[in-house]
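Enquirer: structure-v8.pdb (PDB, C-alpha atoms) pasted underneath:
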```pdb
ATOM      1  CA  MET N   6      16.914  -4.813   5.590  1.00  0.00           C
ATOM      2  CA  LEU N   7      14.153  -4.906   2.976  1.00  0.00           C
ATOM      3  CA  LEU N   8      13.880  -1.187   2.271  1.00  0.00           C
ATOM      4  CA  THR N   9      16.106   1.814   2.922  1.00  0.00           C
ATOM      5  CA  VAL N  10      15.083   5.384   2.129  1.00  0.00           C
ATOM      6  CA  GLN N  11      17.965   7.853   2.176  1.00  0.00           C
ATOM      7  CA  ASP N  12      17.627  11.659   2.191  1.00  0.00           C
ATOM      8  CA  LEU N  13      14.615  11.555  -0.139  1.00  0.00           C
ATOM      9  CA  HIS N  14      13.408  14.842  -1.613  1.00  0.00           C
ATOM     10  CA  LYS N  15      10.581  15.506  -4.030  1.00  0.00           C
ATOM     11  CA  THR N  16       9.801  18.922  -5.477  1.00  0.00           C
ATOM     12  CA  TYR N  17       6.933  19.127  -7.958  1.00  0.00           C
ATOM     13  CA  PRO N  18       6.939  21.457 -10.997  1.00  0.00           C
ATOM     14  CA  SER N  19       4.535  23.719  -9.086  1.00  0.00           C
ATOM     15  CA  GLY N  20       7.345  24.337  -6.594  1.00  0.00           C
ATOM     16  CA  LYS N  21       5.760  22.316  -3.779  1.00  0.00           C
ATOM     17  CA  HIS N  22       8.507  20.619  -1.752  1.00  0.00           C
ATOM     18  CA  ALA N  23       6.573  17.461  -0.804  1.00  0.00           C
ATOM     19  CA  LEU N  24       9.433  15.447   0.748  1.00  0.00           C
ATOM     20  CA  LYS N  25      12.305  17.084   2.611  1.00  0.00           C
ATOM     21  CA  GLY N  26      15.151  14.702   3.368  1.00  0.00           C
ATOM     22  CA  VAL N  27      13.195  11.630   4.480  1.00  0.00           C
ATOM     23  CA  ASN N  28      15.260   8.800   6.003  1.00  0.00           C
ATOM     24  CA  PHE N  29      14.092   5.447   7.390  1.00  0.00           C
ATOM     25  CA  GLU N  30      14.563   1.693   7.109  1.00  0.00           C
ATOM     26  CA  VAL N  31      12.096  -1.190   7.018  1.00  0.00           C
ATOM     27  CA  LYS N  32      12.912  -4.751   8.054  1.00  0.00           C
ATOM     28  CA  GLU N  33      11.368  -7.792   6.422  1.00  0.00           C
ATOM     29  CA  GLY N  34       8.056  -8.722   8.022  1.00  0.00           C
ATOM     30  CA  GLU N  35       7.262  -5.304   9.497  1.00  0.00           C
ATOM     31  CA  PHE N  36       3.842  -3.661   9.400  1.00  0.00           C
ATOM     32  CA  LEU N  37       4.765   0.009   9.125  1.00  0.00           C
ATOM     33  CA  VAL N  38       2.082   2.685   9.051  1.00  0.00           C
ATOM     34  CA  ILE N  39       2.694   6.236   7.840  1.00  0.00           C
ATOM     35  CA  ILE N  40       0.481   8.920   9.355  1.00  0.00           C
ATOM     36  CA  GLY N  41       0.052  12.649   8.940  1.00  0.00           C
ATOM     37  CA  LEU N  42      -2.299  15.321   7.666  1.00  0.00           C
ATOM     38  CA  SER N  43      -3.450  15.395   4.044  1.00  0.00           C
ATOM     39  CA  GLY N  44      -0.636  16.998   2.071  1.00  0.00           C
ATOM     40  CA  SER N  45       2.058  15.904   4.528  1.00  0.00           C
ATOM     41  CA  GLY N  46       3.797  13.755   1.892  1.00  0.00           C
ATOM     42  CA  LYS N  47       2.414  10.272   2.609  1.00  0.00           C
ATOM     43  CA  SER N  48       1.252   9.484  -0.943  1.00  0.00           C
ATOM     44  CA  THR N  49       4.336  11.075  -2.468  1.00  0.00           C
ATOM     45  CA  LEU N  50       6.537   8.867  -0.298  1.00  0.00           C
ATOM     46  CA  LEU N  51       4.726   5.642  -1.228  1.00  0.00           C
ATOM     47  CA  ARG N  52       4.703   6.540  -4.917  1.00  0.00           C
ATOM     48  CA  SER N  53       8.418   7.304  -4.777  1.00  0.00           C
ATOM     49  CA  ILE N  54       9.096   3.898  -3.251  1.00  0.00           C
ATOM     50  CA  ASN N  55       7.275   2.015  -6.003  1.00  0.00           C
ATOM     51  CA  ARG N  56       8.561   4.408  -8.692  1.00  0.00           C
ATOM     52  CA  LEU N  57       5.202   5.783  -9.810  1.00  0.00           C
ATOM     53  CA  ILE N  58       6.925   9.141  -9.451  1.00  0.00           C
ATOM     54  CA  GLU N  59      10.591  10.097  -9.692  1.00  0.00           C
ATOM     55  CA  PRO N  60      12.199  11.604  -6.577  1.00  0.00           C
ATOM     56  CA  THR N  61      14.076  14.857  -7.055  1.00  0.00           C
ATOM     57  CA  SER N  62      17.043  13.570  -5.060  1.00  0.00           C
ATOM     58  CA  GLY N  63      17.983  10.878  -2.552  1.00  0.00           C
ATOM     59  CA  ARG N  64      17.872   7.109  -2.863  1.00  0.00           C
ATOM     60  CA  VAL N  65      15.507   4.185  -2.432  1.00  0.00           C
ATOM     61  CA  LEU N  66      17.202   0.827  -1.822  1.00  0.00           C
ATOM     62  CA  PHE N  67      15.141  -2.358  -2.131  1.00  0.00           C
ATOM     63  CA  LEU N  68      16.794  -5.582  -0.972  1.00  0.00           C
ATOM     64  CA  GLY N  69      20.074  -3.671  -0.927  1.00  0.00           C
ATOM     65  CA  LYS N  70      19.794  -2.494  -4.549  1.00  0.00           C
ATOM     66  CA  ASP N  71      19.449   1.160  -5.522  1.00  0.00           C
ATOM     67  CA  ILE N  72      16.190   1.291  -7.505  1.00  0.00           C
ATOM     68  CA  THR N  73      15.835   5.086  -7.593  1.00  0.00           C
ATOM     69  CA  HIS N  74      16.591   5.564 -11.282  1.00  0.00           C
ATOM     70  CA  LEU N  75      16.061   2.115 -12.773  1.00  0.00           C
ATOM     71  CA  LYS N  76      14.319   1.940 -16.130  1.00  0.00           C
ATOM     72  CA  GLY N  77      13.026  -0.636 -18.598  1.00  0.00           C
ATOM     73  CA  GLU N  78      13.159  -4.320 -17.776  1.00  0.00           C
ATOM     74  CA  GLU N  79      15.240  -3.799 -14.621  1.00  0.00           C
ATOM     75  CA  LEU N  80      12.519  -1.554 -13.200  1.00  0.00           C
ATOM     76  CA  ARG N  81       9.748  -3.967 -14.234  1.00  0.00           C
ATOM     77  CA  LYS N  82      11.487  -6.805 -12.392  1.00  0.00           C
ATOM     78  CA  VAL N  83      11.628  -4.755  -9.195  1.00  0.00           C
ATOM     79  CA  LYS N  84       8.017  -3.572  -9.470  1.00  0.00           C
ATOM     80  CA  ARG N  85       6.806  -7.163  -9.738  1.00  0.00           C
ATOM     81  CA  GLN N  86       8.026  -7.588  -6.146  1.00  0.00           C
ATOM     82  CA  ILE N  87       6.215  -4.480  -4.866  1.00  0.00           C
ATOM     83  CA  GLY N  88       2.426  -4.628  -4.705  1.00  0.00           C
ATOM     84  CA  MET N  89       0.294  -1.495  -4.478  1.00  0.00           C
ATOM     85  CA  VAL N  90      -3.239  -0.966  -3.167  1.00  0.00           C
ATOM     86  CA  PHE N  91      -4.887   2.400  -3.807  1.00  0.00           C
ATOM     87  CA  GLN N  92      -7.632   4.334  -2.038  1.00  0.00           C
ATOM     88  CA  GLN N  93      -9.946   4.204  -5.084  1.00  0.00           C
ATOM     89  CA  PHE N  94      -9.478   0.462  -5.832  1.00  0.00           C
ATOM     90  CA  ASN N  95      -8.503   1.034  -9.533  1.00  0.00           C
ATOM     91  CA  LEU N  96     -10.458  -1.980 -10.781  1.00  0.00           C
ATOM     92  CA  ILE N  97     -11.757  -2.513 -14.308  1.00  0.00           C
ATOM     93  CA  LYS N  98     -15.394  -2.152 -13.364  1.00  0.00           C
ATOM     94  CA  ARG N  99     -17.002  -4.118 -16.204  1.00  0.00           C
ATOM     95  CA  ARG N 100     -14.634  -7.059 -15.885  1.00  0.00           C
ATOM     96  CA  SER N 101     -15.110  -9.973 -13.529  1.00  0.00           C
ATOM     97  CA  VAL N 102     -13.522 -10.142 -10.102  1.00  0.00           C
ATOM     98  CA  LEU N 103     -11.368 -13.048 -11.295  1.00  0.00           C
ATOM     99  CA  SER N 104     -10.161 -11.120 -14.341  1.00  0.00           C
ATOM    100  CA  ASN N 105      -9.245  -8.117 -12.195  1.00  0.00           C
ATOM    101  CA  VAL N 106      -7.217 -10.302  -9.854  1.00  0.00           C
ATOM    102  CA  ILE N 107      -5.350 -11.957 -12.726  1.00  0.00           C
ATOM    103  CA  ASN N 108      -4.408  -8.463 -13.930  1.00  0.00           C
ATOM    104  CA  GLY N 109      -1.924  -8.475 -11.074  1.00  0.00           C
ATOM    105  CA  ARG N 110       0.034 -11.128 -12.960  1.00  0.00           C
ATOM    106  CA  LEU N 111      -0.044  -9.476 -16.412  1.00  0.00           C
ATOM    107  CA  GLY N 112       3.540  -8.309 -16.161  1.00  0.00           C
ATOM    108  CA  SER N 113       4.731 -11.918 -16.278  1.00  0.00           C
ATOM    109  CA  LEU N 114       2.093 -13.488 -18.561  1.00  0.00           C
ATOM    110  CA  GLY N 115       2.520 -14.093 -22.277  1.00  0.00           C
ATOM    111  CA  THR N 116       0.962 -11.592 -24.714  1.00  0.00           C
ATOM    112  CA  ILE N 117      -1.408 -14.124 -26.320  1.00  0.00           C
ATOM    113  CA  GLU N 118      -2.491 -15.463 -22.937  1.00  0.00           C
ATOM    114  CA  SER N 119      -3.286 -11.946 -21.760  1.00  0.00           C
ATOM    115  CA  ILE N 120      -5.174 -10.846 -24.885  1.00  0.00           C
ATOM    116  CA  LEU N 121      -7.285 -13.997 -25.208  1.00  0.00           C
ATOM    117  CA  GLU N 122      -7.699 -14.422 -21.435  1.00  0.00           C
ATOM    118  CA  ASN N 123      -6.848 -18.069 -21.986  1.00  0.00           C
ATOM    119  CA  TYR N 124      -5.152 -18.546 -18.649  1.00  0.00           C
ATOM    120  CA  SER N 125      -3.388 -21.678 -17.509  1.00  0.00           C
ATOM    121  CA  ASP N 126      -4.746 -23.831 -14.709  1.00  0.00           C
ATOM    122  CA  GLY N 127      -1.855 -22.645 -12.554  1.00  0.00           C
ATOM    123  CA  VAL N 128      -2.710 -18.965 -13.006  1.00  0.00           C
ATOM    124  CA  LEU N 129      -6.388 -19.616 -12.272  1.00  0.00           C
ATOM    125  CA  ALA N 130      -5.489 -21.623  -9.166  1.00  0.00           C
ATOM    126  CA  ASP N 131      -3.264 -18.783  -7.925  1.00  0.00           C
ATOM    127  CA  ALA N 132      -6.042 -16.236  -8.515  1.00  0.00           C
ATOM    128  CA  TYR N 133      -8.577 -18.281  -6.551  1.00  0.00           C
ATOM    129  CA  LYS N 134      -6.035 -18.717  -3.758  1.00  0.00           C
ATOM    130  CA  CYS N 135      -5.552 -14.935  -3.548  1.00  0.00           C
ATOM    131  CA  LEU N 136      -9.321 -14.397  -3.519  1.00  0.00           C
ATOM    132  CA  ASP N 137      -9.668 -16.996  -0.788  1.00  0.00           C
ATOM    133  CA  THR N 138      -7.035 -15.192   1.285  1.00  0.00           C
ATOM    134  CA  VAL N 139      -9.296 -12.130   1.424  1.00  0.00           C
ATOM    135  CA  GLY N 140     -12.483 -14.193   1.819  1.00  0.00           C
ATOM    136  CA  ILE N 141     -14.075 -13.345  -1.490  1.00  0.00           C
ATOM    137  CA  ALA N 142     -13.586 -16.382  -3.754  1.00  0.00           C
ATOM    138  CA  SER N 143     -17.352 -16.897  -4.086  1.00  0.00           C
ATOM    139  CA  TYR N 144     -17.560 -13.590  -6.025  1.00  0.00           C
ATOM    140  CA  ALA N 145     -14.990 -14.613  -8.656  1.00  0.00           C
ATOM    141  CA  ASN N 146     -17.412 -14.445 -11.595  1.00  0.00           C
ATOM    142  CA  GLU N 147     -19.255 -11.299 -10.499  1.00  0.00           C
ATOM    143  CA  ARG N 148     -18.640  -7.947 -12.182  1.00  0.00           C
ATOM    144  CA  ALA N 149     -16.299  -5.811 -10.091  1.00  0.00           C
ATOM    145  CA  ASP N 150     -18.716  -2.868 -10.021  1.00  0.00           C
ATOM    146  CA  SER N 151     -21.486  -5.024  -8.535  1.00  0.00           C
ATOM    147  CA  LEU N 152     -19.548  -5.351  -5.261  1.00  0.00           C
ATOM    148  CA  SER N 153     -19.568  -3.067  -2.231  1.00  0.00           C
ATOM    149  CA  GLY N 154     -16.671  -0.720  -1.571  1.00  0.00           C
ATOM    150  CA  GLY N 155     -15.133  -3.010   1.030  1.00  0.00           C
ATOM    151  CA  GLN N 156     -15.425  -6.014  -1.279  1.00  0.00           C
ATOM    152  CA  GLN N 157     -13.829  -4.077  -4.142  1.00  0.00           C
ATOM    153  CA  GLN N 158     -10.900  -3.143  -1.914  1.00  0.00           C
ATOM    154  CA  ARG N 159     -10.464  -6.823  -1.055  1.00  0.00           C
ATOM    155  CA  VAL N 160     -10.356  -7.578  -4.790  1.00  0.00           C
ATOM    156  CA  ALA N 161      -7.645  -4.937  -5.129  1.00  0.00           C
ATOM    157  CA  ILE N 162      -5.665  -6.585  -2.324  1.00  0.00           C
ATOM    158  CA  ALA N 163      -6.050  -9.990  -3.995  1.00  0.00           C
ATOM    159  CA  ARG N 164      -4.844  -8.473  -7.275  1.00  0.00           C
ATOM    160  CA  SER N 165      -1.691  -7.202  -5.585  1.00  0.00           C
ATOM    161  CA  LEU N 166      -1.109 -10.639  -4.033  1.00  0.00           C
ATOM    162  CA  MET N 167      -0.991 -12.163  -7.541  1.00  0.00           C
ATOM    163  CA  GLN N 168       2.450 -10.575  -7.808  1.00  0.00           C
ATOM    164  CA  ASN N 169       3.594 -12.579  -4.779  1.00  0.00           C
ATOM    165  CA  PRO N 170       5.152  -9.335  -3.525  1.00  0.00           C
ATOM    166  CA  LYS N 171       7.877  -9.040  -0.942  1.00  0.00           C
ATOM    167  CA  LEU N 172       6.561  -5.559  -0.117  1.00  0.00           C
ATOM    168  CA  LEU N 173       2.909  -4.489  -0.121  1.00  0.00           C
ATOM    169  CA  LEU N 174       2.191  -0.752  -0.181  1.00  0.00           C
ATOM    170  CA  ALA N 175      -1.261   0.637   0.597  1.00  0.00           C
ATOM    171  CA  ASP N 176      -2.110   4.305   0.096  1.00  0.00           C
ATOM    172  CA  GLU N 177      -4.947   5.162   2.510  1.00  0.00           C
ATOM    173  CA  PRO N 178      -6.777   1.928   1.606  1.00  0.00           C
ATOM    174  CA  VAL N 179      -9.721   2.526   3.962  1.00  0.00           C
ATOM    175  CA  ALA N 180     -10.235   6.261   3.415  1.00  0.00           C
ATOM    176  CA  SER N 181     -13.299   5.624   1.210  1.00  0.00           C
ATOM    177  CA  LEU N 182     -14.869   3.045   3.533  1.00  0.00           C
ATOM    178  CA  ASP N 183     -17.148   3.199   6.555  1.00  0.00           C
ATOM    179  CA  PRO N 184     -15.675   2.407  10.006  1.00  0.00           C
ATOM    180  CA  ALA N 185     -16.885  -1.199  10.230  1.00  0.00           C
ATOM    181  CA  THR N 186     -15.632  -2.003   6.738  1.00  0.00           C
ATOM    182  CA  SER N 187     -12.331  -0.256   7.472  1.00  0.00           C
ATOM    183  CA  ASN N 188     -11.554  -2.691  10.280  1.00  0.00           C
ATOM    184  CA  SER N 189     -12.538  -5.634   8.092  1.00  0.00           C
ATOM    185  CA  VAL N 190     -10.165  -4.574   5.308  1.00  0.00           C
ATOM    186  CA  MET N 191      -7.310  -3.851   7.736  1.00  0.00           C
ATOM    187  CA  GLN N 192      -7.690  -7.351   9.162  1.00  0.00           C
ATOM    188  CA  TYR N 193      -6.796  -8.771   5.750  1.00  0.00           C
ATOM    189  CA  PHE N 194      -3.628  -6.688   5.594  1.00  0.00           C
ATOM    190  CA  GLU N 195      -2.799  -8.010   9.064  1.00  0.00           C
ATOM    191  CA  LYS N 196      -3.513 -11.580   7.955  1.00  0.00           C
ATOM    192  CA  ILE N 197      -1.252 -11.237   4.910  1.00  0.00           C
ATOM    193  CA  ASN N 198       1.517  -9.732   7.038  1.00  0.00           C
ATOM    194  CA  LYS N 199       1.385 -12.375   9.761  1.00  0.00           C
ATOM    195  CA  GLU N 200       0.607 -15.495   7.733  1.00  0.00           C
ATOM    196  CA  THR N 201       2.845 -14.910   4.702  1.00  0.00           C
ATOM    197  CA  GLY N 202       5.496 -12.646   6.224  1.00  0.00           C
ATOM    198  CA  THR N 203       4.852 -10.007   3.555  1.00  0.00           C
ATOM    199  CA  THR N 204       6.123  -6.604   4.634  1.00  0.00           C
ATOM    200  CA  VAL N 205       3.360  -3.984   4.663  1.00  0.00           C
ATOM    201  CA  ILE N 206       3.718  -0.200   4.473  1.00  0.00           C
ATOM    202  CA  CYS N 207       0.363   1.512   4.776  1.00  0.00           C
ATOM    203  CA  SER N 208      -0.719   5.132   5.111  1.00  0.00           C
ATOM    204  CA  LEU N 209      -3.667   5.804   7.425  1.00  0.00           C
ATOM    205  CA  HIS N 210      -5.462   8.717   9.067  1.00  0.00           C
ATOM    206  CA  PHE N 211      -7.011   7.098  12.144  1.00  0.00           C
ATOM    207  CA  LEU N 212      -4.700   6.446  15.096  1.00  0.00           C
ATOM    208  CA  SER N 213      -7.038   3.804  16.521  1.00  0.00           C
ATOM    209  CA  LEU N 214      -6.303   1.675  13.442  1.00  0.00           C
ATOM    210  CA  VAL N 215      -2.591   2.469  13.654  1.00  0.00           C
ATOM    211  CA  ARG N 216      -2.401   1.335  17.283  1.00  0.00           C
ATOM    212  CA  ARG N 217      -4.295  -1.852  16.505  1.00  0.00           C
ATOM    213  CA  TYR N 218      -2.459  -3.024  13.395  1.00  0.00           C
ATOM    214  CA  ALA N 219       0.979  -1.385  13.068  1.00  0.00           C
ATOM    215  CA  SER N 220       4.213  -2.738  14.505  1.00  0.00           C
ATOM    216  CA  ARG N 221       5.815   0.696  13.975  1.00  0.00           C
ATOM    217  CA  ALA N 222       4.652   4.148  12.924  1.00  0.00           C
ATOM    218  CA  ILE N 223       6.192   7.085  11.099  1.00  0.00           C
ATOM    219  CA  ALA N 224       4.549  10.517  11.141  1.00  0.00           C
ATOM    220  CA  LEU N 225       5.119  13.057   8.377  1.00  0.00           C
ATOM    221  CA  LYS N 226       4.502  16.779   8.722  1.00  0.00           C
ATOM    222  CA  GLY N 227       5.330  19.185   5.934  1.00  0.00           C
ATOM    223  CA  GLY N 228       7.330  16.506   4.131  1.00  0.00           C
ATOM    224  CA  GLU N 229       9.546  15.675   7.122  1.00  0.00           C
ATOM    225  CA  ILE N 230       9.510  12.819   9.631  1.00  0.00           C
ATOM    226  CA  VAL N 231       8.469  14.216  13.013  1.00  0.00           C
ATOM    227  CA  TYR N 232       7.865  10.889  14.784  1.00  0.00           C
ATOM    228  CA  GLU N 233       9.185   7.346  14.420  1.00  0.00           C
ATOM    229  CA  GLY N 234       8.458   4.635  16.954  1.00  0.00           C
ATOM    230  CA  ALA N 235       5.815   2.501  18.612  1.00  0.00           C
ATOM    231  CA  PRO N 236       2.170   3.383  17.832  1.00  0.00           C
ATOM    232  CA  SER N 237       1.327   2.997  21.531  1.00  0.00           C
ATOM    233  CA  ASP N 238       3.683   5.875  22.363  1.00  0.00           C
ATOM    234  CA  ILE N 239       1.669   8.386  20.321  1.00  0.00           C
ATOM    235  CA  ASP N 240      -0.082  10.116  23.212  1.00  0.00           C
ATOM    236  CA  GLU N 241      -2.174  13.301  23.135  1.00  0.00           C
ATOM    237  CA  THR N 242       0.930  15.499  23.105  1.00  0.00           C
ATOM    238  CA  TRP N 243       2.355  13.727  20.084  1.00  0.00           C
ATOM    239  CA  PHE N 244      -1.060  13.750  18.408  1.00  0.00           C
ATOM    240  CA  LYS N 245      -1.184  17.535  18.699  1.00  0.00           C
ATOM    241  CA  ARG N 246       2.364  17.885  17.358  1.00  0.00           C
ATOM    242  CA  ILE N 247       1.514  15.757  14.325  1.00  0.00           C
ATOM    243  CA  TYR N 248      -1.983  17.012  13.541  1.00  0.00           C
ATOM    244  CA  GLY N 249      -2.108  20.467  15.124  1.00  0.00           C
ATOM    245  CA  GLU N 250      -3.389  21.934  18.372  1.00  0.00           C
ATOM    246  CA  GLU N 251      -6.997  22.158  17.186  1.00  0.00           C
ATOM    247  CA  ALA N 252      -7.187  18.556  15.962  1.00  0.00           C
ATOM    248  CA  GLU N 253      -9.301  16.012  17.798  1.00  0.00           C
ATOM    249  CA  GLU N 254      -8.787  12.273  17.549  1.00  0.00           C
ATOM    250  CA  VAL N 255     -11.581  10.222  15.990  1.00  0.00           C
ATOM    251  CA  GLU N 256     -11.638   6.574  17.008  1.00  0.00           C
ATOM    252  CA  ILE N 257     -12.689   3.714  14.749  1.00  0.00           C
ATOM    253  CA  ARG N 258     -13.871   0.591  16.560  1.00  0.00           C
TER     254      ARG N 258
END
```
Step by step, read the file and then write its structure as structure tokens.

Expert:
Amino acid sequence: MLLTVQDLHKTYPSGKHALKGVNFEVKEGEFLVIIGLSGSGKSTLLRSINRLIEPTSGRVLFLGKDITHLKGEELRKVKRQIGMVFQQFNLIKRRSVLSNVINGRLGSLGTIESILENYSDGVLADAYKCLDTVGIASYANERADSLSGGQQQRVAIARSLMQNPKLLLADEPVASLDPATSNSVMQYFEKINKETGTTVICSLHFLSLVRRYASRAIALKGGEIVYEGAPSDIDETWFKRIYGEEAEEVEIR
């Protein structure tokens, strides 16, 4: 088992109880998608897994090791194995595509190498390989902010691949993209999952994308898991339970 989440709770200083006893497991090689309304706890859950935020209680086990309260170098070692892709790309806009991708390796590069950007042939070769994986190597020397939104998200995916992660997390990675671009970006997550065996946990809004790409789905509502199973089993009844009686499904082709 790659990841185990046990009785996870998160209460923010405002008093909002964002996660309420969440339990699930993820096997190596899965493509798990987390769905639910905005505010249901999806981002909080992903950020608890990669330790961007501290859970209030419960445990997160990664490769059998409790990582919930790790600090310092022990935490840095774990985080090098967990890639993260965000909705807003989080690129350094004035830097080149290549430089942004290499930033994914900064945690293991030497200080002088990082400051002077005097990277070894091996690091450069790895960066170009990651860019090639997402079909964007020809843009390596372009400024990141000169690219379209879909291209920038592909740069962000390539950056996460520089970590050679065992687990790739993606927090609503297509929420800022148009429908056609959304499918294009999701295809790269699928490619990474199938060709490299990297486990993917991704939060999404659109069930059409979930059914197409996920091997399993978890639905959160009010910080609790209300559905866990095959995406194909989420029928209209389940859709209403997850999103509310007045919700209507929007399909992305």

Enquirer: Taking the file as shown, what set of residues would the PyMOL selection byres ((chain N and resi 14) around 10) give back, as a PDB file with C-alpha atoms, in the frame of the given file?

Expert:
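Listing of part_11.pdb after writing:
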```pdb
ATOM      1  CA  GLN N  11      17.965   7.853   2.176  1.00  0.00           C
ATOM      2  CA  ASP N  12      17.627  11.659   2.191  1.00  0.00           C
ATOM      3  CA  LEU N  13      14.615  11.555  -0.139  1.00  0.00           C
ATOM      4  CA  LYS N  15      10.581  15.506  -4.030  1.00  0.00           C
ATOM      5  CA  THR N  16       9.801  18.922  -5.477  1.00  0.00           C
ATOM      6  CA  HIS N  22       8.507  20.619  -1.752  1.00  0.00           C
ATOM      7  CA  ALA N  23       6.573  17.461  -0.804  1.00  0.00           C
ATOM      8  CA  LEU N  24       9.433  15.447   0.748  1.00  0.00           C
ATOM      9  CA  LYS N  25      12.305  17.084   2.611  1.00  0.00           C
ATOM     10  CA  GLY N  26      15.151  14.702   3.368  1.00  0.00           C
ATOM     11  CA  VAL N  27      13.195  11.630   4.480  1.00  0.00           C
ATOM     12  CA  ASN N  28      15.260   8.800   6.003  1.00  0.00           C
ATOM     13  CA  THR N  49       4.336  11.075  -2.468  1.00  0.00           C
ATOM     14  CA  LEU N  50       6.537   8.867  -0.298  1.00  0.00           C
ATOM     15  CA  SER N  53       8.418   7.304  -4.777  1.00  0.00           C
ATOM     16  CA  GLU N  59      10.591  10.097  -9.692  1.00  0.00           C
ATOM     17  CA  PRO N  60      12.199  11.604  -6.577  1.00  0.00           C
ATOM     18  CA  THR N  61      14.076  14.857  -7.055  1.00  0.00           C
ATOM     19  CA  SER N  62      17.043  13.570  -5.060  1.00  0.00           C
ATOM     20  CA  GLY N  63      17.983  10.878  -2.552  1.00  0.00           C
ATOM     21  CA  ARG N  64      17.872   7.109  -2.863  1.00  0.00           C
ATOM     22  CA  GLY N 228       7.330  16.506   4.131  1.00  0.00           C
ATOM     23  CA  GLU N 229       9.546  15.675   7.122  1.00  0.00           C
TER      24      GLU N 229
END
```

Enquirer: Evaluate the PyMOL selection byres ((chain N and resi 167) around 10) against this structure - the residues, as a PDB file with C-alpha atoms, in the frame of the given file, please.

Expert:
```
ATOM      1  CA  ARG N  85       6.806  -7.163  -9.738  1.00  0.00           C
ATOM      2  CA  GLY N  88       2.426  -4.628  -4.705  1.00  0.00           C
ATOM      3  CA  VAL N 106      -7.217 -10.302  -9.854  1.00  0.00           C
ATOM      4  CA  ILE N 107      -5.350 -11.957 -12.726  1.00  0.00           C
ATOM      5  CA  ASN N 108      -4.408  -8.463 -13.930  1.00  0.00           C
ATOM      6  CA  GLY N 109      -1.924  -8.475 -11.074  1.00  0.00           C
ATOM      7  CA  ARG N 110       0.034 -11.128 -12.960  1.00  0.00           C
ATOM      8  CA  LEU N 111      -0.044  -9.476 -16.412  1.00  0.00           C
ATOM      9  CA  VAL N 128      -2.710 -18.965 -13.006  1.00  0.00           C
ATOM     10  CA  ASP N 131      -3.264 -18.783  -7.925  1.00  0.00           C
ATOM     11  CA  ALA N 132      -6.042 -16.236  -8.515  1.00  0.00           C
ATOM     12  CA  TYR N 133      -8.577 -18.281  -6.551  1.00  0.00           C
ATOM     13  CA  LYS N 134      -6.035 -18.717  -3.758  1.00  0.00           C
ATOM     14  CA  CYS N 135      -5.552 -14.935  -3.548  1.00  0.00           C
ATOM     15  CA  LEU N 136      -9.321 -14.397  -3.519  1.00  0.00           C
ATOM     16  CA  ILE N 162      -5.665  -6.585  -2.324  1.00  0.00           C
ATOM     17  CA  ALA N 163      -6.050  -9.990  -3.995  1.00  0.00           C
ATOM     18  CA  ARG N 164      -4.844  -8.473  -7.275  1.00  0.00           C
ATOM     19  CA  SER N 165      -1.691  -7.202  -5.585  1.00  0.00           C
ATOM     20  CA  LEU N 166      -1.109 -10.639  -4.033  1.00  0.00           C
ATOM     21  CA  GLN N 168       2.450 -10.575  -7.808  1.00  0.00           C
ATOM     22  CA  ASN N 169       3.594 -12.579  -4.779  1.00  0.00           C
ATOM     23  CA  PRO N 170       5.152  -9.335  -3.525  1.00  0.00           C
TER      24      PRO N 170
END
```

Enquirer: Between CA of Gln86 (chain N) and CA of Glu177 (chain N), what is the distance, to one decimal in Å?

Expert: 20.1 Å

Enquirer: For each of N:Ile197, N:Val90, N:Ile54, N:Leu209, take the minimum atom-to-atom distance to Thr138 (chain N), counting only C-alpha atoms, then give the residue where this is smallest.

Expert: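 Using only C-alpha atoms, the shortest distance to Thr138 (chain N) belongs to N:Ile197.
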
Enquirer: May I ask for the distance between CA of Glu30 (chain N) and CA of Gly46 (chain N), given in Å to one decimal place?

Expert: 17.0 Å

Enquirer: Kindly write N, CA, C and O atoms of region 15-20 of chain N from the structure just given to a file, as a PDB file, in the first residue's frame.

Expert:
```pdb
ATOM      1  N   LYS N  15      -9.124  17.920  10.260  1.00  0.00           N
ATOM      2  CA  LYS N  15      -8.490  19.228  10.185  1.00  0.00           C
ATOM      3  C   LYS N  15      -9.501  20.293  10.549  1.00  0.00           C
ATOM      4  O   LYS N  15     -10.547  20.445   9.908  1.00  0.00           O
ATOM      5  N   THR N  16      -9.194  21.032  11.630  1.00  0.00           N
ATOM      6  CA  THR N  16      -9.996  22.171  12.040  1.00  0.00           C
ATOM      7  C   THR N  16      -9.129  23.418  11.954  1.00  0.00           C
ATOM      8  O   THR N  16      -8.055  23.474  12.557  1.00  0.00           O
ATOM      9  N   TYR N  17      -9.575  24.395  11.195  1.00  0.00           N
ATOM     10  CA  TYR N  17      -8.818  25.634  11.020  1.00  0.00           C
ATOM     11  C   TYR N  17      -9.058  26.570  12.200  1.00  0.00           C
ATOM     12  O   TYR N  17     -10.036  26.417  12.944  1.00  0.00           O
ATOM     13  N   PRO N  18      -8.153  27.558  12.396  1.00  0.00           N
ATOM     14  CA  PRO N  18      -8.340  28.513  13.500  1.00  0.00           C
ATOM     15  C   PRO N  18      -9.686  29.221  13.484  1.00  0.00           C
ATOM     16  O   PRO N  18     -10.199  29.624  14.531  1.00  0.00           O
ATOM     17  N   SER N  19     -10.284  29.358  12.305  1.00  0.00           N
ATOM     18  CA  SER N  19     -11.602  29.993  12.190  1.00  0.00           C
ATOM     19  C   SER N  19     -12.708  29.136  12.801  1.00  0.00           C
ATOM     20  O   SER N  19     -13.831  29.606  13.000  1.00  0.00           O
ATOM     21  N   GLY N  20     -12.385  27.862  13.082  1.00  0.00           N
ATOM     22  CA  GLY N  20     -13.374  26.938  13.610  1.00  0.00           C
ATOM     23  C   GLY N  20     -13.947  26.002  12.563  1.00  0.00           C
ATOM     24  O   GLY N  20     -14.679  25.069  12.901  1.00  0.00           O
TER      25      GLY N  20
END
```
